[in-house]
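> If it helps, the file is called protein-v2.tsv and holds TSV, C-alpha atoms:
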chain	number	residue	atom	x	y	z
A	302	MET	CA	176.62	128.12	46.52
A	303	HIS	CA	178.68	129.90	43.85
A	304	GLN	CA	182.46	129.83	43.89
A	305	SER	CA	182.79	133.28	45.53
A	306	HIS	CA	180.29	132.32	48.25
A	307	ALA	CA	182.14	129.07	48.87
A	308	HIS	CA	185.38	131.04	49.13
A	309	GLN	CA	183.84	133.50	51.61
A	310	ALA	CA	182.38	130.63	53.65
A	311	SER	CA	185.75	128.86	53.80
A	312	ARG	CA	187.54	132.08	54.82
A	313	LEU	CA	185.03	132.62	57.61
A	314	GLN	CA	185.73	129.11	58.96
A	315	LEU	CA	189.54	129.53	59.07
A	316	ASN	CA	191.76	131.62	61.32
A	317	SER	CA	194.67	133.83	60.24
A	318	GLN	CA	196.94	130.76	60.11
A	319	GLY	CA	194.51	128.84	57.87
A	320	ASP	CA	193.30	126.47	60.61
A	321	LEU	CA	189.69	125.72	61.51
A	322	LYS	CA	188.06	128.15	63.98
A	323	HIS	CA	184.37	127.55	63.10
A	324	PHE	CA	182.85	124.48	61.42
A	325	LEU	CA	179.90	125.69	59.37
A	326	SER	CA	180.00	123.74	56.12
A	327	THR	CA	182.07	121.15	54.24
A	328	GLU	CA	181.82	123.40	51.20
A	329	GLY	CA	184.89	125.45	50.40
A	330	LEU	CA	187.19	123.65	52.84
A	331	SER	CA	190.35	122.08	51.43
A	332	ARG	CA	191.11	118.38	51.27
A	333	GLU	CA	193.86	119.06	53.85
A	334	ILE	CA	191.38	120.47	56.38
A	335	LEU	CA	188.82	117.67	55.86
A	336	THR	CA	191.58	115.05	56.12
A	337	ALA	CA	192.89	116.70	59.29
A	338	ILE	CA	189.39	116.39	60.83
A	339	LEU	CA	189.29	112.68	59.92
A	340	ASP	CA	192.82	112.07	61.22
A	341	ARG	CA	192.04	113.87	64.49
A	342	ALA	CA	188.83	111.83	64.91
A	343	ASP	CA	190.80	108.64	64.23
A	344	SER	CA	193.19	109.57	67.04
A	345	PHE	CA	190.29	109.47	69.53
A	346	LEU	CA	189.29	105.92	68.53
A	347	ASP	CA	191.03	103.06	70.31
A	348	GLY	CA	191.54	99.66	68.72
A	349	ASN	CA	188.58	98.06	70.52
A	350	GLY	CA	185.78	100.21	69.13
A	351	GLY	CA	185.96	102.56	72.12
A	352	ILE	CA	186.68	106.28	72.32
A	353	ARG	CA	189.50	107.78	74.36
A	354	ASN	CA	188.84	110.59	76.82
A	355	GLU	CA	191.21	113.54	76.43
A	356	PRO	CA	190.93	116.65	78.65
A	357	LEU	CA	191.58	119.08	75.77
A	358	LEU	CA	188.65	121.33	76.68
A	359	ALA	CA	189.01	121.26	80.48
A	360	GLY	CA	187.75	124.56	81.89
A	361	ARG	CA	185.91	125.43	78.65
A	362	THR	CA	182.15	125.77	78.24
A	363	VAL	CA	180.23	124.33	75.29
A	364	MET	CA	176.65	125.52	74.84
A	365	ASN	CA	174.25	123.44	72.73
A	366	LEU	CA	171.83	125.94	71.18
A	367	PHE	CA	169.13	123.90	69.47
A	368	PHE	CA	166.43	126.03	67.87
A	369	GLU	CA	164.89	122.85	66.48
A	370	PRO	CA	164.88	119.52	68.30
A	371	SER	CA	167.28	116.67	67.59
A	372	THR	CA	167.93	114.41	70.53
A	373	ARG	CA	170.51	112.26	68.72
A	374	THR	CA	172.69	115.08	67.43
A	375	ARG	CA	172.52	117.06	70.67
A	376	THR	CA	173.34	113.97	72.74
A	377	THR	CA	176.38	113.05	70.64
A	378	PHE	CA	177.71	116.62	70.85
A	379	GLU	CA	177.18	116.51	74.62
A	380	VAL	CA	179.02	113.18	74.95
A	381	ALA	CA	181.83	114.48	72.71
A	382	ALA	CA	182.25	117.67	74.74
A	383	LYS	CA	182.25	115.77	78.05
A	384	ARG	CA	184.86	113.29	76.77
A	385	LEU	CA	187.03	116.38	76.16
A	386	SER	CA	186.33	117.46	79.79
A	387	ALA	CA	184.30	120.54	78.78
A	388	ASP	CA	181.39	121.90	80.79
A	389	VAL	CA	178.20	121.51	78.74
A	390	LEU	CA	175.01	123.55	78.88
A	391	ASN	CA	171.95	122.58	76.86
A	392	ILE	CA	169.86	125.68	76.17
A	393	ASP	CA	166.30	124.85	75.14
A	394	ILE	CA	165.67	127.84	72.90
A	395	SER	CA	162.00	127.12	72.32
A	396	LYS	CA	161.36	127.70	76.03
A	397	SER	CA	163.86	130.54	76.47
A	398	SER	CA	163.37	134.27	76.57
A	399	THR	CA	163.48	134.63	72.77
A	400	SER	CA	159.79	133.82	73.00
A	401	LYS	CA	159.46	136.83	75.35
A	402	GLY	CA	160.71	139.18	72.65
A	403	GLU	CA	164.45	139.02	73.27
A	404	THR	CA	166.27	139.15	69.95
A	405	LEU	CA	168.60	136.39	68.82
A	406	ARG	CA	171.56	138.81	68.98
A	407	ASP	CA	170.79	139.85	72.57
A	408	MET	CA	170.36	136.27	73.68
A	409	LEU	CA	173.66	135.18	72.09
A	410	TRP	CA	175.52	138.17	73.52
A	411	ASN	CA	174.18	137.31	76.98
A	412	LEU	CA	175.33	133.70	76.59
A	413	GLU	CA	178.73	134.92	75.36
A	414	ALA	CA	179.00	137.07	78.49
A	415	MET	CA	178.52	133.90	80.57
A	416	THR	CA	181.99	132.87	79.34
A	417	ALA	CA	180.88	130.45	76.66
A	418	ASP	CA	183.70	129.20	74.42
A	419	ILE	CA	181.80	127.16	71.82
A	420	PHE	CA	178.24	127.37	70.52
A	421	VAL	CA	176.83	124.26	68.83
A	422	VAL	CA	173.98	125.70	66.76
A	423	ARG	CA	171.07	123.88	65.13
A	424	HIS	CA	168.52	126.07	63.39
A	425	GLY	CA	165.68	125.69	60.90
A	426	ALA	CA	166.90	128.63	58.77
A	427	SER	CA	169.56	128.00	56.13
A	428	GLY	CA	172.64	130.11	56.84
A	429	ALA	CA	171.89	130.58	60.56
A	430	ALA	CA	175.29	129.29	61.75
A	431	HIS	CA	177.11	131.49	59.19
A	432	PHE	CA	175.11	134.49	60.44
A	433	VAL	CA	176.04	133.81	64.07
A	434	ALA	CA	179.74	133.31	63.23
A	435	SER	CA	180.04	136.36	60.99
A	436	GLN	CA	177.62	138.88	62.52
A	437	VAL	CA	176.99	138.06	66.16
A	438	THR	CA	179.69	136.17	68.08
A	439	PRO	CA	182.79	135.76	65.83
A	440	ARG	CA	185.08	135.18	68.85
A	441	ILE	CA	183.13	132.09	69.91
A	442	ALA	CA	183.77	128.86	67.99
A	443	ILE	CA	180.53	128.11	66.12
A	444	ILE	CA	179.78	124.51	65.14
A	445	ASN	CA	176.88	124.01	62.74
A	446	ALA	CA	174.72	121.11	63.93
A	447	GLY	CA	172.34	121.51	60.96
A	448	ASP	CA	170.81	124.60	59.36
A	449	GLY	CA	167.64	124.47	57.28
A	450	ARG	CA	168.21	122.63	54.00
A	451	HIS	CA	171.73	123.98	53.75
A	452	ALA	CA	174.34	121.95	55.65
A	453	HIS	CA	174.97	119.32	58.31
A	454	PRO	CA	178.77	119.16	58.20
A	455	THR	CA	179.48	116.95	61.22
A	456	GLN	CA	177.06	114.30	59.92
A	457	ALA	CA	178.84	114.41	56.56
A	458	MET	CA	182.24	114.07	58.21
A	459	LEU	CA	181.22	111.15	60.43
A	460	ASP	CA	180.01	109.47	57.24
A	461	MET	CA	183.36	110.24	55.57
A	462	LEU	CA	185.17	108.70	58.57
A	463	THR	CA	182.94	105.62	58.32
A	464	ILE	CA	183.68	105.26	54.61
A	465	ARG	CA	187.42	105.80	55.04
A	466	ARG	CA	187.72	103.27	57.86
A	467	HIS	CA	185.73	100.56	56.07
A	468	ALA	CA	186.29	101.15	52.34
A	469	GLY	CA	189.71	102.76	52.25
A	470	ASP	CA	190.83	105.51	49.90
A	471	PHE	CA	188.08	107.64	48.34
A	472	ALA	CA	189.74	107.72	44.90
A	473	GLY	CA	188.30	104.40	43.70
A	474	LEU	CA	184.86	104.67	45.27
A	475	THR	CA	181.38	105.02	43.80
A	476	VAL	CA	178.96	106.30	46.44
A	477	ALA	CA	175.17	106.42	46.04
A	478	ILE	CA	172.88	108.63	48.14
A	479	ILE	CA	169.22	107.56	48.02
A	480	GLY	CA	165.99	109.37	48.90
A	481	ASP	CA	164.99	112.99	49.41
A	482	ILE	CA	168.09	114.69	48.01
A	483	ARG	CA	166.43	118.05	47.35
A	484	HIS	CA	165.54	118.82	50.97
A	485	SER	CA	168.52	117.10	52.59
A	486	ARG	CA	171.24	119.16	54.27
A	487	VAL	CA	173.06	115.88	54.92
A	488	ALA	CA	173.16	115.06	51.18
A	489	ARG	CA	174.54	118.50	50.27
A	490	SER	CA	177.28	118.33	52.88
A	491	GLU	CA	178.16	114.78	51.84
A	492	ILE	CA	178.36	115.66	48.15
A	493	HIS	CA	180.77	118.54	48.86
A	494	ALA	CA	182.90	116.38	51.19
A	495	LEU	CA	183.04	113.43	48.76
A	496	GLN	CA	184.05	115.71	45.91
A	497	THR	CA	186.78	117.37	47.96
A	498	LEU	CA	188.10	114.02	49.21
A	499	GLY	CA	188.28	112.72	45.64
A	500	ALA	CA	185.53	110.09	45.33
A	501	LYS	CA	185.44	108.55	41.84
A	502	GLU	CA	181.69	108.95	41.33
A	503	ILE	CA	178.81	110.34	43.40
A	504	ARG	CA	175.29	109.22	42.48
A	505	VAL	CA	171.98	110.52	43.75
A	506	ILE	CA	168.90	108.32	43.42
A	507	GLY	CA	165.29	109.28	44.03
A	508	PRO	CA	161.98	110.31	42.52
A	509	ARG	CA	162.14	113.35	40.23
A	510	THR	CA	160.18	115.48	42.75
A	511	LEU	CA	162.91	114.90	45.38
A	512	LEU	CA	165.99	115.46	43.20
A	513	PRO	CA	167.80	118.81	43.32
A	514	ARG	CA	167.24	121.19	40.43
A	515	ASP	CA	170.90	122.23	40.46
A	516	PHE	CA	172.33	118.69	40.37
A	517	GLU	CA	174.41	119.39	37.25
A	518	GLU	CA	176.22	122.16	39.14
A	519	LEU	CA	176.84	119.73	41.99
A	520	GLY	CA	178.68	117.38	39.62
A	521	VAL	CA	176.79	114.20	40.49
A	522	SER	CA	175.18	111.42	38.42
A	523	VAL	CA	171.40	111.34	38.76
A	524	PHE	CA	169.18	108.24	38.68
A	525	GLU	CA	165.44	107.88	39.07
A	526	ASP	CA	165.74	104.09	38.83
A	527	LEU	CA	167.15	102.44	41.98
A	528	GLY	CA	168.51	99.35	40.23
A	529	ALA	CA	170.48	101.36	37.67
A	530	GLY	CA	171.75	103.72	40.36
A	531	LEU	CA	172.98	100.94	42.65
A	532	LYS	CA	174.88	99.03	39.94
A	533	ASP	CA	178.49	98.46	41.07
A	534	VAL	CA	178.39	100.97	43.94
A	535	ASP	CA	180.79	100.60	46.88
A	536	VAL	CA	178.69	102.55	49.39
A	537	ALA	CA	174.90	103.06	49.60
A	538	ILE	CA	173.63	105.83	51.91
A	539	ALA	CA	169.87	105.89	52.50
A	540	LEU	CA	168.47	109.23	53.71
A	541	ARG	CA	165.66	109.64	56.18
A	542	VAL	CA	162.35	110.43	54.49
A	543	GLN	CA	160.36	113.05	56.40
A	544	ASN	CA	156.72	112.14	56.97
A	545	GLU	CA	155.55	115.64	56.00
A	546	ARG	CA	156.98	115.10	52.49
A	547	MET	CA	154.81	111.99	52.14
A	548	GLU	CA	151.77	113.93	53.23
A	549	SER	CA	152.46	116.55	50.54
A	550	ALA	CA	152.28	116.00	46.79
A	551	LEU	CA	156.05	115.45	46.59
A	552	LEU	CA	156.01	111.81	47.54
A	553	PRO	CA	153.84	108.75	47.31
A	554	GLY	CA	152.95	106.98	50.56
A	555	SER	CA	155.59	105.19	52.61
A	556	SER	CA	154.78	101.73	51.22
A	557	GLU	CA	155.02	102.99	47.64
A	558	PHE	CA	158.32	104.77	48.40
A	559	TYR	CA	159.68	101.53	49.89
A	560	SER	CA	158.57	99.51	46.88
A	561	MET	CA	160.51	101.86	44.57
A	562	TYR	CA	163.41	103.18	46.63
A	563	GLY	CA	163.69	101.12	49.81
A	564	LEU	CA	167.08	99.46	50.29
A	565	THR	CA	166.87	95.67	50.55
A	566	ARG	CA	169.39	92.86	50.37
A	567	GLU	CA	167.79	91.73	47.11
A	568	ARG	CA	168.15	95.14	45.46
A	569	LEU	CA	171.75	95.47	46.59
A	570	LYS	CA	172.77	92.36	44.65
A	571	VAL	CA	173.64	94.63	41.69
A	572	ALA	CA	176.09	96.59	43.86
A	573	LYS	CA	179.64	95.49	44.69
A	574	PRO	CA	179.61	92.26	46.74
A	575	ASN	CA	181.03	94.00	49.84
A	576	VAL	CA	178.86	97.13	49.49
A	577	LEU	CA	178.62	99.19	52.68
A	578	VAL	CA	175.19	100.32	53.88
A	579	MET	CA	174.76	103.58	55.79
A	580	HIS	CA	171.96	105.85	57.08
A	581	PRO	CA	172.22	109.09	59.09
A	582	GLY	CA	169.44	107.89	61.41
A	583	PRO	CA	167.04	107.57	62.97
A	584	ILE	CA	165.88	105.00	60.43
A	585	ASN	CA	162.33	104.32	59.33
A	586	ARG	CA	162.37	100.54	59.04
A	587	GLY	CA	160.38	99.32	56.08
A	588	VAL	CA	160.42	102.78	54.46
A	589	GLU	CA	164.04	103.61	53.61
A	590	ILE	CA	165.57	100.25	54.47
A	591	GLU	CA	164.55	96.72	55.41
A	592	SER	CA	165.23	95.67	59.01
A	593	GLU	CA	167.34	92.64	58.07
A	594	LEU	CA	169.67	94.84	56.03
A	595	ALA	CA	169.84	97.58	58.69
A	596	ASP	CA	170.85	94.99	61.30
A	597	GLY	CA	172.99	92.88	58.97
A	598	PRO	CA	176.76	92.54	58.49
A	599	GLN	CA	176.98	95.12	55.68
A	600	SER	CA	175.32	97.81	57.80
A	601	LEU	CA	177.52	100.45	59.44
A	602	ILE	CA	174.63	102.37	61.00
A	603	LEU	CA	175.66	101.80	64.63
A	604	LYS	CA	179.34	102.41	63.76
A	605	GLN	CA	178.28	105.78	62.35
A	606	VAL	CA	176.91	106.78	65.77
A	607	ASN	CA	180.18	105.79	67.45
A	608	TYR	CA	182.31	107.59	64.86
A	609	GLY	CA	180.04	110.62	65.20
A	610	ILE	CA	181.27	111.17	68.75
A	611	ALA	CA	184.92	111.02	67.61
A	612	VAL	CA	184.29	113.44	64.71
A	613	ARG	CA	182.48	115.91	66.96
A	614	MET	CA	185.34	115.68	69.48
A	615	ALA	CA	187.77	116.47	66.64
A	616	VAL	CA	185.78	119.46	65.40
A	617	LEU	CA	185.25	120.91	68.90
A	618	ALA	CA	188.96	120.59	69.76
A	619	MET	CA	190.20	121.95	66.42
A	620	ALA	CA	187.84	124.95	66.37
A	621	MET	CA	188.84	125.86	69.94
A	622	ASP	CA	192.54	125.64	69.01
A	623	GLY	CA	191.88	127.87	66.00
A	624	GLN	CA	190.10	130.50	68.09
A	625	ASP	CA	192.90	130.42	70.70
A	626	ALA	CA	195.56	130.86	68.01
A	627	ASP	CA	193.70	133.87	66.60
A	628	ARG	CA	193.53	135.49	70.06
A	629	ALA	CA	197.22	134.82	70.66
A	630	ALA	CA	198.09	136.39	67.29
A	631	GLU	CA	196.02	139.48	68.19
A	632	VAL	CA	197.78	139.85	71.54
A	633	ALA	CA	201.18	139.46	69.84
A	634	ARG	CA	200.32	142.39	67.55
Taking this structure as input, can you express it in the form of structure tokens?

Amino acid sequence: MHQSHAHQASRLQLNSQGDLKHFLSTEGLSREILTAILDRADSFLDGNGGIRNEPLLAGRTVMNLFFEPSTRTRTTFEVAAKRLSADVLNIDISKSSTSKGETLRDMLWNLEAMTADIFVVRHGASGAAHFVASQVTPRIAIINAGDGRHAHPTQAMLDMLTIRRHAGDFAGLTVAIIGDIRHSRVARSEIHALQTLGAKEIRVIGPRTLLPRDFEELGVSVFEDLGAGLKDVDVAIALRVQNERMESALLPGSSEFYSMYGLTRERLKVAKPNVLVMHPGPINRGVEIESELADGPQSLILKQVNYGIAVRMAVLAMAMDGQDADRAAEVAR
């Protein structure tokens, strides 16, 4: 996204006071906003690995609108909303009246009329959440739960929270992202977040066919060789490899991918001794990562799930506050 697009996207996400009112992308948001999300998520975590319940959304309705399936993401948004005391409705779009010819606009306007306050939107088309926020229901807080190959901002932010809690300040960190970078909305959102939060170096590692064409614009170091890419890294994030990519000409088979790019304890010996291992899940054991490493002491994969609930609580609460402040400012005029 060019600078002007990033600026427009960031303006769309903020209210008249400069606070979050939609969460569509990590791109274009300031370090202050991203840090505020992390700090708010931290406030929901207790010292024992648990998550506090806070009734900040009591009486509000959160609708999960998933145009493509993702049980994990939908479930964590549902848990997050319920921990904030919101009412939650899961709308299965594939079985809804859009298949009977109702347009997306009409369906969303009908849901808005049912006194929805927040839409959590997952869609296969890049830019879908931006479209909903800017063109269809701007007065409803829109949270992007993944759109096409474009963005998955809450996954990126739960990864940022994981890194901050276990590796400290971003300024000294070298972070490697491994796998299908070109098609990954998670990778794009993470790269933007890491840059904004001031990571020292961001590396992407993968076969040439799965590396982004615009990587120079993204400001990352690119490696086709796993060993060279992992040298002295503080954090290694393995991405999920989609089976359909392996069935196409873009990728060798799963065993060949694992032999070249699978994360193993042996291969991580070139990284920093206390390297952190992450994966957005669900993992393909023996494809992206060996089981012993995924279940081992360096792995933060289950912590990521826990932190994901806290981050989604933070984003839901902050976006609702931002929408409320905008309404109050309108009334005051």
> Between segment 407-469 of chain A and segment 342-352 of chain A, at 12 Å or less, what are the per-residue closest atom pairs and their distances in Å? Count only C-alpha atoms, order by chain and rising residue number, and return it as CSV.

residue,atom,partner,partner_atom,distance
A:Thr455,CA,A:Ala342,CA,11.3
A:Met458,CA,A:Ala342,CA,9.7
A:Leu459,CA,A:Ala342,CA,8.9
A:Asp460,CA,A:Ala342,CA,11.9
A:Met461,CA,A:Ala342,CA,10.9
A:Leu462,CA,A:Ala342,CA,8.0
A:Thr463,CA,A:Asp343,CA,10.3
A:Arg465,CA,A:Asp343,CA,10.2
A:Arg466,CA,A:Asp343,CA,8.9
> Extract, using all atoms listed in the file, all DNA, RNA and protein residues at most 12 Å from Leu603 of chain A, discarding same-chain residues fewer than 5 positions from it, and format them as number ranges by chain.
A: 350, 459-460, 463, 578-584, 595-598, 608-610
> Skip Ala434 of chain A itself and residues of its chain fewer than 2 positions away, then list as a PyMOL selection string all residues within 10 Å of it, counting only C-alpha atoms.
chain A and resi 313-314+322-325+420+429-432+436-445
> Which residue gives the smallest distance to Asp625 of chain A among A:Leu358, A:Leu474, A:Ala500, A:Val389, with only C-alpha atoms counted?
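The closest residue to Asp625 of chain A is A:Leu358.
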> Work out how far atom CA of His451 of chain A is from atom CA of Arg489 of chain A, in Å to one decimal.
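Between atom CA of Arg489 of chain A and atom CA of His451 of chain A the gap works out to 7.1 Å.
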> For Leu335 of chain A, list every protein, DNA or RNA residue within 8 Å, evaluated using only C-alpha atoms, and leave out those in the same chain fewer than 4 positions away; present the list as a PyMOL selection string.
chain A and resi 327+330-331+339+458+494+498
> Please report the interatomic distance between atom CA of Met619 of chain A and atom CA of Thr336 of chain A in Å with one decimal.
12.5 Å
> Rounded to one decimal, what separation in Å do you get between atom CA of Arg486 of chain A and atom CA of Gly449 of chain A?
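A separation of 7.1 Å between them.
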> Which protein, DNA or RNA residues are at most 8 Å from (170.8, 123.6, 74.6) in the file's coordinates when you count only C-alpha atoms, listed as a list in words?
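Every residue inside that radius is included here: Met364, Asn365, Leu366, Phe367, Arg375, Leu390, Asn391, Ile392, Asp393 and Ile394 of chain A.
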> Emit the selected residues as a tab-separated table (two decimals), in the coordinates of the input, including C-alpha atoms.

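Listing of selection29.tsv after writing:
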chain	number	residue	atom	x	y	z
A	364	MET	CA	176.65	125.52	74.84
A	365	ASN	CA	174.25	123.44	72.73
A	366	LEU	CA	171.83	125.94	71.18
A	367	PHE	CA	169.13	123.90	69.47
A	375	ARG	CA	172.52	117.06	70.67
A	390	LEU	CA	175.01	123.55	78.88
A	391	ASN	CA	171.95	122.58	76.86
A	392	ILE	CA	169.86	125.68	76.17
A	393	ASP	CA	166.30	124.85	75.14
A	394	ILE	CA	165.67	127.84	72.90
> In file coordinates, which residues lie within 10 Å of (184.6, 119.0, 78.8) using all atoms listed in the file, given as a list in words?
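So the residues meeting the distance criterion are Asn354, Glu355, Pro356, Leu357, Leu358, Ala359, Gly360, Arg361, Thr362, Val363, Glu379, Val380, Ala381, Ala382, Lys383, Arg384, Leu385, Ser386, Ala387, Asp388, Val389 and Met614 of chain A.
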> Name the closest residue to Ile506 of chain A among the candidates A:Ile602, A:Ala468, A:Ala620, A:Ala477; distances are taken between atoms, counting all atoms listed in the file.
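The shortest atom-to-atom distance to Ile506 of chain A comes from A:Ala477.
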> Closest to Gly520 of chain A among A:Leu321, A:Ile492, A:Val542, A:Ala414, using only C-alpha atoms?
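Once distances to Gly520 of chain A are computed over only C-alpha atoms, the minimum belongs to A:Ile492.
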> Can you tell me which residues surround segment 527-530 of chain A at a distance of at most 9 Å, considering all atoms listed in the file, apart from same-chain residues fewer than 4 positions away, and format the answer as a PyMOL selection string?
chain A and resi 477+479+504-507+522-523+534+561-564+568-569+571-572
> Go ahead and save the picked residues with C-alpha atoms, as a tab-separated table (two decimals), in the coordinates of the input.

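Result file out_12.tsv:
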chain	number	residue	atom	x	y	z
A	477	ALA	CA	175.17	106.42	46.04
A	479	ILE	CA	169.22	107.56	48.02
A	504	ARG	CA	175.29	109.22	42.48
A	505	VAL	CA	171.98	110.52	43.75
A	506	ILE	CA	168.90	108.32	43.42
A	507	GLY	CA	165.29	109.28	44.03
A	522	SER	CA	175.18	111.42	38.42
A	523	VAL	CA	171.40	111.34	38.76
A	534	VAL	CA	178.39	100.97	43.94
A	561	MET	CA	160.51	101.86	44.57
A	562	TYR	CA	163.41	103.18	46.63
A	563	GLY	CA	163.69	101.12	49.81
A	564	LEU	CA	167.08	99.46	50.29
A	568	ARG	CA	168.15	95.14	45.46
A	569	LEU	CA	171.75	95.47	46.59
A	571	VAL	CA	173.64	94.63	41.69
A	572	ALA	CA	176.09	96.59	43.86
> Measuring atom to atom with all atoms listed in the file, identify which of A:Ala633, A:Val521, A:Val422, A:Ile338 is nearest to Ala452 of chain A.
A:Val422
